[in-house]
>>> print(open('run.cif').read())   # mmCIF, C-alpha atoms
data_my_file
#
loop_
_atom_site.label_atom_id
_atom_site.label_comp_id
_atom_site.auth_asym_id
_atom_site.auth_seq_id
_atom_site.Cartn_x
_atom_site.Cartn_y
_atom_site.Cartn_z
CA MET A 1 -14.70 -25.61 4.44
CA GLY A 2 -12.42 -26.53 1.54
CA VAL A 3 -10.97 -23.01 1.37
CA VAL A 4 -10.48 -22.88 5.14
CA SER A 5 -8.70 -26.23 5.21
CA ASP A 6 -6.48 -25.19 2.29
CA VAL A 7 -5.48 -22.01 4.13
CA GLN A 8 -4.79 -23.94 7.33
CA GLN A 9 -2.68 -26.44 5.44
CA PHE A 10 -0.74 -23.64 3.77
CA LEU A 11 -0.08 -21.85 7.06
CA LEU A 12 1.08 -25.04 8.76
CA THR A 13 3.23 -26.58 6.05
CA ASP A 14 4.64 -23.87 3.75
CA LYS A 15 8.36 -23.57 4.54
CA ALA A 16 8.84 -20.32 2.60
CA LEU A 17 6.06 -18.71 4.62
CA HIS A 18 7.65 -19.85 7.86
CA ASP A 19 11.03 -18.48 6.76
CA ILE A 20 9.53 -15.10 5.90
CA LEU A 21 7.63 -14.92 9.18
CA GLY A 22 10.88 -15.75 10.93
CA VAL A 23 12.58 -12.82 9.18
CA ILE A 24 9.72 -10.49 10.15
CA GLY A 25 9.90 -11.73 13.73
CA SER A 26 13.64 -11.00 13.81
CA MET A 27 13.02 -7.51 12.42
CA VAL A 28 10.41 -6.80 15.08
CA ALA A 29 12.84 -8.01 17.75
CA VAL A 30 15.48 -5.60 16.44
CA LEU A 31 12.97 -2.73 16.55
CA ALA A 32 11.99 -3.64 20.09
CA SER A 33 15.67 -3.64 21.09
CA LEU A 34 16.30 -0.25 19.46
CA SER A 35 13.26 1.23 21.19
CA LEU A 36 15.02 0.73 24.54
CA PHE A 37 17.45 3.51 23.59
CA LEU A 38 14.72 6.04 22.77
CA SER A 39 13.86 8.93 25.08
CA ARG A 40 10.21 9.88 25.41
CA HIS A 41 8.92 13.44 25.27
CA LYS A 42 8.11 14.80 28.70
CA ASP A 43 4.56 15.64 27.64
CA PRO A 44 2.76 12.36 26.76
CA THR A 45 -0.18 14.27 25.26
CA LEU A 46 2.02 15.15 22.29
CA SER A 47 2.02 11.52 21.13
CA ARG A 48 -0.42 10.88 18.31
CA TRP A 49 -0.89 8.75 15.18
CA LEU A 50 -2.59 11.43 13.12
CA ALA A 51 -1.72 15.04 12.37
CA ASP A 52 -2.53 17.62 15.02
CA PRO A 53 -6.20 18.63 14.64
CA LYS A 54 -5.40 22.15 15.85
CA THR A 55 -2.46 22.98 13.61
CA ASN A 56 -3.14 20.73 10.59
CA ALA A 57 -6.80 19.78 10.61
CA SER A 58 -7.06 19.20 6.85
CA LYS A 59 -4.10 16.80 6.84
CA ARG A 60 -5.61 14.85 9.72
CA ALA A 61 -8.99 14.71 7.97
CA THR A 62 -7.30 13.52 4.77
CA GLU A 63 -5.54 10.74 6.69
CA VAL A 64 -8.83 9.64 8.23
CA TRP A 65 -10.52 9.72 4.81
CA PHE A 66 -7.78 7.68 3.13
CA VAL A 67 -7.82 5.02 5.86
CA ALA A 68 -11.62 4.82 5.91
CA TYR A 69 -11.79 4.52 2.13
CA GLY A 70 -8.98 1.96 2.28
CA CYS A 71 -11.22 -0.30 4.35
CA PHE A 72 -13.87 0.00 1.63
CA TRP A 73 -11.70 -0.87 -1.39
CA ILE A 74 -9.98 -3.69 0.49
CA SER A 75 -13.42 -5.17 1.19
CA CYS A 76 -14.30 -4.84 -2.49
CA PHE A 77 -11.09 -6.55 -3.57
CA ALA A 78 -11.56 -9.31 -1.00
CA LEU A 79 -15.02 -9.99 -2.41
CA ILE A 80 -13.83 -9.92 -6.02
CA ILE A 81 -10.84 -12.20 -5.36
CA GLY A 82 -12.68 -14.47 -2.93
CA THR A 83 -15.55 -15.17 -5.33
CA LYS A 84 -13.20 -15.27 -8.36
CA VAL A 85 -15.67 -13.15 -10.26
CA TYR A 86 -12.68 -11.42 -11.86
CA LEU A 87 -12.21 -14.50 -14.05
CA GLN A 88 -15.26 -13.28 -15.98
CA PHE A 89 -13.95 -9.72 -16.36
CA THR A 90 -13.21 -8.21 -19.77
CA GLU A 91 -10.86 -5.36 -20.62
CA VAL A 92 -13.71 -2.95 -19.95
CA THR A 93 -14.67 -4.57 -16.64
CA PHE A 94 -11.15 -4.36 -15.19
CA LEU A 95 -10.96 -0.73 -16.32
CA VAL A 96 -14.33 0.15 -14.78
CA VAL A 97 -13.69 -1.63 -11.47
CA CYS A 98 -10.22 -0.19 -10.86
CA GLY A 99 -11.06 3.21 -12.29
CA GLY A 100 -14.30 3.31 -10.32
CA LEU A 101 -12.51 2.56 -7.06
CA MET A 102 -9.97 5.30 -7.78
CA LEU A 103 -12.48 8.01 -8.70
CA PRO A 104 -13.79 8.84 -5.18
CA LEU A 105 -10.25 9.67 -4.05
CA VAL A 106 -9.50 11.78 -7.13
CA LEU A 107 -12.84 13.61 -7.24
CA GLN A 108 -13.21 14.25 -3.49
CA PRO A 109 -10.94 17.33 -3.39
CA VAL A 110 -12.99 18.90 -6.20
CA LEU A 111 -16.54 17.79 -5.40
CA ALA A 112 -16.51 17.22 -1.63
CA PRO A 113 -13.66 19.23 -0.04
CA SER A 114 -15.54 19.39 3.27
CA VAL A 115 -14.75 15.69 3.83
CA THR A 116 -11.14 16.71 4.46
CA LEU A 117 -11.94 20.14 5.93
CA ASP A 118 -10.61 21.86 2.81
CA GLN A 119 -13.76 23.82 2.05
CA GLY A 120 -13.17 27.48 1.30
CA LYS A 121 -9.60 26.92 0.13
CA PRO A 122 -8.43 27.28 -3.48
CA LEU A 123 -8.10 23.87 -5.14
CA LEU A 124 -4.30 23.99 -5.29
CA GLU A 125 -4.11 24.65 -1.53
CA ARG A 126 -6.32 21.74 -0.48
CA HIS A 127 -4.29 19.08 1.30
CA SER A 128 -6.29 16.21 -0.18
CA PHE A 129 -5.67 17.57 -3.69
CA LYS A 130 -1.91 17.89 -3.12
CA ALA A 131 -1.81 14.38 -1.63
CA ASN A 132 -3.61 12.96 -4.67
CA VAL A 133 -1.23 14.71 -7.07
CA TRP A 134 1.82 13.37 -5.25
CA ILE A 135 0.43 9.83 -5.15
CA ALA A 136 -0.54 10.03 -8.84
CA VAL A 137 2.95 11.14 -9.90
CA PHE A 138 4.58 8.49 -7.72
CA SER A 139 2.32 5.67 -8.92
CA ILE A 140 2.52 6.62 -12.62
CA ILE A 141 6.32 6.66 -12.52
CA GLY A 142 6.37 3.39 -10.59
CA ASN A 143 4.02 1.64 -12.97
CA TYR A 144 5.49 2.97 -16.19
CA TRP A 145 9.12 2.18 -15.40
CA TYR A 146 9.53 0.10 -12.25
CA THR A 147 6.92 -2.55 -13.05
CA HIS A 148 9.51 -3.89 -15.50
CA TYR A 149 11.58 -4.93 -12.49
CA PHE A 150 8.61 -7.14 -11.64
CA TYR A 151 8.71 -8.49 -15.20
CA ASN A 152 12.44 -8.87 -15.86
CA VAL A 153 13.95 -9.68 -12.45
CA LEU A 154 11.13 -11.62 -10.82
CA ARG A 155 10.02 -13.07 -14.19
CA ALA A 156 6.40 -12.36 -13.39
CA SER A 157 3.67 -11.03 -15.66
CA TYR A 158 -0.03 -10.22 -15.64
CA THR A 159 -2.20 -12.45 -17.80
CA PHE A 160 -5.62 -10.82 -17.54
CA ARG A 161 -7.13 -9.18 -20.59
CA SER A 162 -6.38 -5.49 -20.60
CA TRP A 163 -5.22 -2.52 -22.62
CA ASP A 164 -1.76 -1.44 -21.57
CA VAL A 165 0.73 1.42 -21.54
CA ASN A 166 4.40 0.50 -21.90
CA GLY A 167 3.45 -3.12 -21.30
CA VAL A 168 1.64 -2.35 -18.02
CA PRO A 169 -2.15 -2.94 -17.80
CA ILE A 170 -3.95 0.40 -17.51
CA PRO A 171 -6.12 -0.80 -14.56
CA MET A 172 -2.89 -1.23 -12.56
CA PHE A 173 -2.26 2.52 -12.80
CA PHE A 174 -5.69 3.10 -11.25
CA ALA A 175 -5.33 0.40 -8.60
CA THR A 176 -1.90 1.63 -7.58
CA HIS A 177 -3.38 5.05 -6.82
CA PHE A 178 -5.77 3.83 -4.15
CA TYR A 179 -3.27 1.26 -2.89
CA PHE A 180 -0.65 3.96 -2.38
CA CYS A 181 -3.07 6.39 -0.75
CA PHE A 182 -3.64 3.71 1.89
CA TYR A 183 0.00 2.61 2.20
CA HIS A 184 1.39 6.12 2.46
CA THR A 185 -1.14 7.09 5.09
CA LEU A 186 -0.32 4.08 7.28
CA SER A 187 3.42 4.64 6.97
CA ASN A 188 2.98 8.35 7.67
CA MET A 189 0.95 7.52 10.77
CA ALA A 190 3.66 5.18 12.06
CA LEU A 191 6.42 7.75 11.53
CA HIS A 192 4.28 10.50 13.02
CA LYS A 193 3.69 8.35 16.12
CA VAL A 194 7.44 7.84 16.54
CA ARG A 195 8.29 11.52 16.07
CA THR A 196 5.63 12.77 18.47
CA THR A 197 6.43 10.17 21.12
CA PHE A 198 10.24 10.15 21.21
CA CYS A 199 12.86 12.91 21.30
CA ALA A 200 14.91 13.70 18.21
CA GLY A 201 18.44 12.33 17.97
CA SER A 202 20.56 9.55 16.51
CA PRO A 203 18.68 6.72 18.31
CA ARG A 204 15.36 7.91 16.87
CA LEU A 205 16.84 8.33 13.40
CA LEU A 206 18.19 4.76 13.50
CA PHE A 207 14.85 3.48 14.79
CA GLU A 208 12.94 5.31 12.03
CA THR A 209 15.28 3.94 9.36
CA CYS A 210 14.80 0.38 10.59
CA LEU A 211 11.05 0.94 10.90
CA VAL A 212 10.85 2.02 7.24
CA LEU A 213 12.78 -1.10 6.20
CA VAL A 214 10.49 -3.35 8.24
CA MET A 215 7.33 -1.72 6.87
CA SER A 216 8.69 -2.07 3.32
CA TYR A 217 9.44 -5.76 3.82
CA VAL A 218 6.07 -6.47 5.42
CA THR A 219 4.28 -4.59 2.62
CA ALA A 220 6.12 -6.59 -0.05
CA PHE A 221 5.30 -9.82 1.78
CA MET A 222 1.62 -8.96 2.16
CA GLU A 223 1.36 -8.01 -1.53
CA ALA A 224 2.96 -11.32 -2.54
CA LEU A 225 0.69 -13.24 -0.17
CA THR A 226 -2.53 -11.55 -1.28
CA ILE A 227 -1.73 -11.72 -5.01
CA SER A 228 -1.27 -15.49 -4.63
CA GLY A 229 -5.06 -15.70 -4.65
CA PHE A 230 -5.22 -13.85 -7.98
CA GLU A 231 -4.97 -16.31 -10.85
CA CYS A 232 -4.38 -13.78 -13.63
CA TYR A 233 -0.64 -13.53 -13.29
CA SER A 234 2.21 -15.94 -13.84
CA VAL A 235 5.74 -16.45 -12.56
CA GLN A 236 8.37 -18.10 -14.74
CA LEU A 237 10.53 -20.14 -12.40
CA PRO A 238 14.21 -20.52 -13.35
CA PRO A 239 15.19 -23.97 -14.59
CA ALA A 240 16.50 -26.32 -11.93
CA HIS A 241 20.24 -26.85 -11.94
CA SER A 242 21.26 -30.33 -12.98
CA VAL A 243 23.20 -32.38 -10.48
CA ALA A 244 26.28 -34.11 -11.86
#
>>> encode(input="run.cif", output="structure tokens")
Amino acid sequence: MGVVSDVQQFLLTDKALHDILGVIGSMVAVLASLSLFLSRHKDPTLSRWLADPKTNASKRATEVWFVAYGCFWISCFALIIGTKVYLQFTEVTFLVVCGGLMLPLVLQPVLAPSVTLDQGKPLLERHSFKANVWIAVFSIIGNYWYTHYFYNVLRASYTFRSWDVNGVPIPMFFATHFYFCFYHTLSNMALHKVRTTFCAGSPRLLFETCLVLVMSYVTAFMEALTISGFECYSVQLPPAHSVA
């Protein structure tokens, strides 16, 4: 009950949280307003969240696989963070946990291509393999260089025991891979839904642009909110300005 009451107190009294939710609410209102200018396709059966199973079955199967596996690793992280068992982790434990959660995504195109309907195709032509390569490149670049924005601008840093590359804990490279597989699939589904529901044109382009901005903001907020339960990082707050 202590955890529940703490969460309730946080939700009811935290001003920063209320401000952020207000911003998100305003963004959603803008999206709702822009949607009034969109024209729907005449054939409603074209509207879908996932790729067309007839023309792009492997892409659709990959999307389903990434979302399903996302539910699994999120459950694992919730258990690890909720029980605070990570406080007992060593360098090896963090590496094994994050690397172990990444491996099913990386090995699936090679060992179980039928999961994404890629069986019978050369490895380089399997959609799940190409998706993993793109996510790997994107996450490695982001971790190696752009994590220093997190360090230098936000004055935040990780404090858990870990081996690192360029000052970034190696487990974060692994974790980013399965995080991004999930994020990219959800964002792709949202954009696919818009493009298969509404006709192309300037109103749809403006709506898509705003939708990407809203999803980016919500993702950043959710990452900040969820990491608040992770004790192995610190934020150096700027010194308060003195009042004359």
>>> resolve_selection(input="run.cif", expression="the PyMOL selection byres ((chain A and resi 73) around 12)", output="PyMOL selection string")
chain A and resi 66-72+74-80+97-105+175-179+181-182
>>> atom_distance(input="run.cif", atom1="CA of Val96 (chain A)", atom2="CA of Tyr144 (chain A)")
20.1 Å
>>> axis_aligned_box(input="run.cif", around="region 127-143 of chain A", padding_each_side="6 Å", output="AutoDock Vina command-line options")
--center_x 0.0 --center_y 10.4 --center_z -5.8 --size_x 24.7 --size_y 29.4 --size_z 26.3
>>> closest_residue(input="run.cif", among="A:Ala156, A:Ile170, A:Leu123, A:Ile140", to="Thr93 (chain A)", atoms="all atoms listed in the file")
A:Ile170
>>> closest_residue(input="run.cif", among="A:Val106, A:Cys232, A:Ala200, A:Leu31", to="Thr159 (chain A)", atoms="only C-alpha atoms")
A:Cys232
>>> resolve_selection(input="run.cif", expression="the PyMOL selection byres ((chain A and resi 30) around 12)", output="count of residues only")
21
>>> residues_near_point(input="run.cif", point="(1.3, 6.7, 2.9)", cutoff="12 Å", atoms="only C-alpha atoms", output="PyMOL selection string")
chain A and resi 50+62-64+66-67+70+131-132+134-135+138-139+177-192+212+215-216+219
>>> write_last_selection(input="run.cif", atoms="C-alpha atoms", output="mmCIF file, in the frame of the given file")
data_model
loop_
_atom_site.group_PDB
_atom_site.id
_atom_site.type_symbol
_atom_site.label_atom_id
_atom_site.label_comp_id
_atom_site.auth_asym_id
_atom_site.auth_seq_id
_atom_site.Cartn_x
_atom_site.Cartn_y
_atom_site.Cartn_z
ATOM 1 C CA LEU A 50 -2.590 11.430 13.120
ATOM 2 C CA THR A 62 -7.300 13.520 4.770
ATOM 3 C CA GLU A 63 -5.540 10.740 6.690
ATOM 4 C CA VAL A 64 -8.830 9.640 8.230
ATOM 5 C CA PHE A 66 -7.780 7.680 3.130
ATOM 6 C CA VAL A 67 -7.820 5.020 5.860
ATOM 7 C CA GLY A 70 -8.980 1.960 2.280
ATOM 8 C CA ALA A 131 -1.810 14.380 -1.630
ATOM 9 C CA ASN A 132 -3.610 12.960 -4.670
ATOM 10 C CA TRP A 134 1.820 13.370 -5.250
ATOM 11 C CA ILE A 135 0.430 9.830 -5.150
ATOM 12 C CA PHE A 138 4.580 8.490 -7.720
ATOM 13 C CA SER A 139 2.320 5.670 -8.920
ATOM 14 C CA HIS A 177 -3.380 5.050 -6.820
ATOM 15 C CA PHE A 178 -5.770 3.830 -4.150
ATOM 16 C CA TYR A 179 -3.270 1.260 -2.890
ATOM 17 C CA PHE A 180 -0.650 3.960 -2.380
ATOM 18 C CA CYS A 181 -3.070 6.390 -0.750
ATOM 19 C CA PHE A 182 -3.640 3.710 1.890
ATOM 20 C CA TYR A 183 0.000 2.610 2.200
ATOM 21 C CA HIS A 184 1.390 6.120 2.460
ATOM 22 C CA THR A 185 -1.140 7.090 5.090
ATOM 23 C CA LEU A 186 -0.320 4.080 7.280
ATOM 24 C CA SER A 187 3.420 4.640 6.970
ATOM 25 C CA ASN A 188 2.980 8.350 7.670
ATOM 26 C CA MET A 189 0.950 7.520 10.770
ATOM 27 C CA ALA A 190 3.660 5.180 12.060
ATOM 28 C CA LEU A 191 6.420 7.750 11.530
ATOM 29 C CA HIS A 192 4.280 10.500 13.020
ATOM 30 C CA VAL A 212 10.850 2.020 7.240
ATOM 31 C CA MET A 215 7.330 -1.720 6.870
ATOM 32 C CA SER A 216 8.690 -2.070 3.320
ATOM 33 C CA THR A 219 4.280 -4.590 2.620
#
>>> resolve_selection(input="run.cif", expression="the PyMOL selection byres ((chain A and resi 57) around 12)", output="list in words")
Leu50, Ala51, Asp52, Pro53, Lys54, Thr55, Asn56, Ser58, Lys59, Arg60, Ala61, Thr62, Glu63, Val64, Ser114, Val115, Thr116, Leu117, Asp118, Gln119, Arg126, His127 and Ser128 of chain A
>>> decode(input="run.cif", residues="region 195-212 of chain A", atoms="N, CA, C and O atoms", output="PDB file, in the first residue's frame")
ATOM      1  N   ARG A 195      -2.049   7.138 -43.135  1.00  0.00           N
ATOM      2  CA  ARG A 195      -1.886   7.131 -44.592  1.00  0.00           C
ATOM      3  C   ARG A 195      -2.871   6.214 -45.294  1.00  0.00           C
ATOM      4  O   ARG A 195      -3.177   6.430 -46.474  1.00  0.00           O
ATOM      5  N   THR A 196      -3.354   5.197 -44.613  1.00  0.00           N
ATOM      6  CA  THR A 196      -4.325   4.304 -45.235  1.00  0.00           C
ATOM      7  C   THR A 196      -5.767   4.723 -44.950  1.00  0.00           C
ATOM      8  O   THR A 196      -6.697   4.150 -45.513  1.00  0.00           O
ATOM      9  N   THR A 197      -5.942   5.704 -44.083  1.00  0.00           N
ATOM     10  CA  THR A 197      -7.285   6.170 -43.747  1.00  0.00           C
ATOM     11  C   THR A 197      -7.640   7.461 -44.468  1.00  0.00           C
ATOM     12  O   THR A 197      -8.788   7.653 -44.894  1.00  0.00           O
ATOM     13  N   PHE A 198      -6.641   8.352 -44.624  1.00  0.00           N
ATOM     14  CA  PHE A 198      -6.909   9.675 -45.176  1.00  0.00           C
ATOM     15  C   PHE A 198      -6.177   9.885 -46.505  1.00  0.00           C
ATOM     16  O   PHE A 198      -5.102   9.327 -46.737  1.00  0.00           O
ATOM     17  N   CYS A 199      -6.745  10.727 -47.338  1.00  0.00           N
ATOM     18  CA  CYS A 199      -6.181  11.014 -48.662  1.00  0.00           C
ATOM     19  C   CYS A 199      -4.934  11.880 -48.533  1.00  0.00           C
ATOM     20  O   CYS A 199      -4.833  12.717 -47.634  1.00  0.00           O
ATOM     21  N   ALA A 200      -4.011  11.688 -49.489  1.00  0.00           N
ATOM     22  CA  ALA A 200      -2.775  12.470 -49.481  1.00  0.00           C
ATOM     23  C   ALA A 200      -3.073  13.934 -49.789  1.00  0.00           C
ATOM     24  O   ALA A 200      -4.069  14.264 -50.432  1.00  0.00           O
ATOM     25  N   GLY A 201      -2.192  14.805 -49.288  1.00  0.00           N
ATOM     26  CA  GLY A 201      -2.362  16.234 -49.510  1.00  0.00           C
ATOM     27  C   GLY A 201      -1.742  17.033 -48.385  1.00  0.00           C
ATOM     28  O   GLY A 201      -1.202  16.465 -47.419  1.00  0.00           O
ATOM     29  N   SER A 202      -1.789  18.335 -48.495  1.00  0.00           N
ATOM     30  CA  SER A 202      -1.186  19.210 -47.486  1.00  0.00           C
ATOM     31  C   SER A 202      -1.780  19.010 -46.091  1.00  0.00           C
ATOM     32  O   SER A 202      -1.031  18.982 -45.107  1.00  0.00           O
ATOM     33  N   PRO A 203      -3.120  18.876 -45.958  1.00  0.00           N
ATOM     34  CA  PRO A 203      -3.680  18.662 -44.614  1.00  0.00           C
ATOM     35  C   PRO A 203      -3.133  17.401 -43.950  1.00  0.00           C
ATOM     36  O   PRO A 203      -2.823  17.411 -42.754  1.00  0.00           O
ATOM     37  N   ARG A 204      -2.986  16.324 -44.732  1.00  0.00           N
ATOM     38  CA  ARG A 204      -2.463  15.086 -44.141  1.00  0.00           C
ATOM     39  C   ARG A 204      -1.000  15.227 -43.784  1.00  0.00           C
ATOM     40  O   ARG A 204      -0.553  14.709 -42.753  1.00  0.00           O
ATOM     41  N   LEU A 205      -0.233  15.922 -44.623  1.00  0.00           N
ATOM     42  CA  LEU A 205       1.185  16.137 -44.333  1.00  0.00           C
ATOM     43  C   LEU A 205       1.355  16.930 -43.041  1.00  0.00           C
ATOM     44  O   LEU A 205       2.208  16.601 -42.202  1.00  0.00           O
ATOM     45  N   LEU A 206       0.546  17.970 -42.855  1.00  0.00           N
ATOM     46  CA  LEU A 206       0.605  18.773 -41.633  1.00  0.00           C
ATOM     47  C   LEU A 206       0.202  17.934 -40.427  1.00  0.00           C
ATOM     48  O   LEU A 206       0.843  18.005 -39.364  1.00  0.00           O
ATOM     49  N   PHE A 207      -0.833  17.111 -40.601  1.00  0.00           N
ATOM     50  CA  PHE A 207      -1.288  16.249 -39.508  1.00  0.00           C
ATOM     51  C   PHE A 207      -0.202  15.249 -39.128  1.00  0.00           C
ATOM     52  O   PHE A 207       0.069  15.033 -37.944  1.00  0.00           O
ATOM     53  N   GLU A 208       0.436  14.639 -40.124  1.00  0.00           N
ATOM     54  CA  GLU A 208       1.509  13.671 -39.859  1.00  0.00           C
ATOM     55  C   GLU A 208       2.673  14.328 -39.128  1.00  0.00           C
ATOM     56  O   GLU A 208       3.238  13.749 -38.200  1.00  0.00           O
ATOM     57  N   THR A 209       3.030  15.530 -39.566  1.00  0.00           N
ATOM     58  CA  THR A 209       4.145  16.244 -38.930  1.00  0.00           C
ATOM     59  C   THR A 209       3.846  16.504 -37.465  1.00  0.00           C
ATOM     60  O   THR A 209       4.696  16.267 -36.587  1.00  0.00           O
ATOM     61  N   CYS A 210       2.640  16.975 -37.187  1.00  0.00           N
ATOM     62  CA  CYS A 210       2.248  17.243 -35.795  1.00  0.00           C
ATOM     63  C   CYS A 210       2.156  15.942 -35.000  1.00  0.00           C
ATOM     64  O   CYS A 210       2.516  15.904 -33.818  1.00  0.00           O
ATOM     65  N   LEU A 211       1.698  14.876 -35.641  1.00  0.00           N
ATOM     66  CA  LEU A 211       1.596  13.583 -34.967  1.00  0.00           C
ATOM     67  C   LEU A 211       2.976  13.081 -34.544  1.00  0.00           C
ATOM     68  O   LEU A 211       3.146  12.575 -33.422  1.00  0.00           O
ATOM     69  N   VAL A 212       3.967  13.242 -35.422  1.00  0.00           N
ATOM     70  CA  VAL A 212       5.337  12.829 -35.084  1.00  0.00           C
ATOM     71  C   VAL A 212       5.854  13.632 -33.898  1.00  0.00           C
ATOM     72  O   VAL A 212       6.485  13.084 -32.978  1.00  0.00           O
TER      73      VAL A 212
END
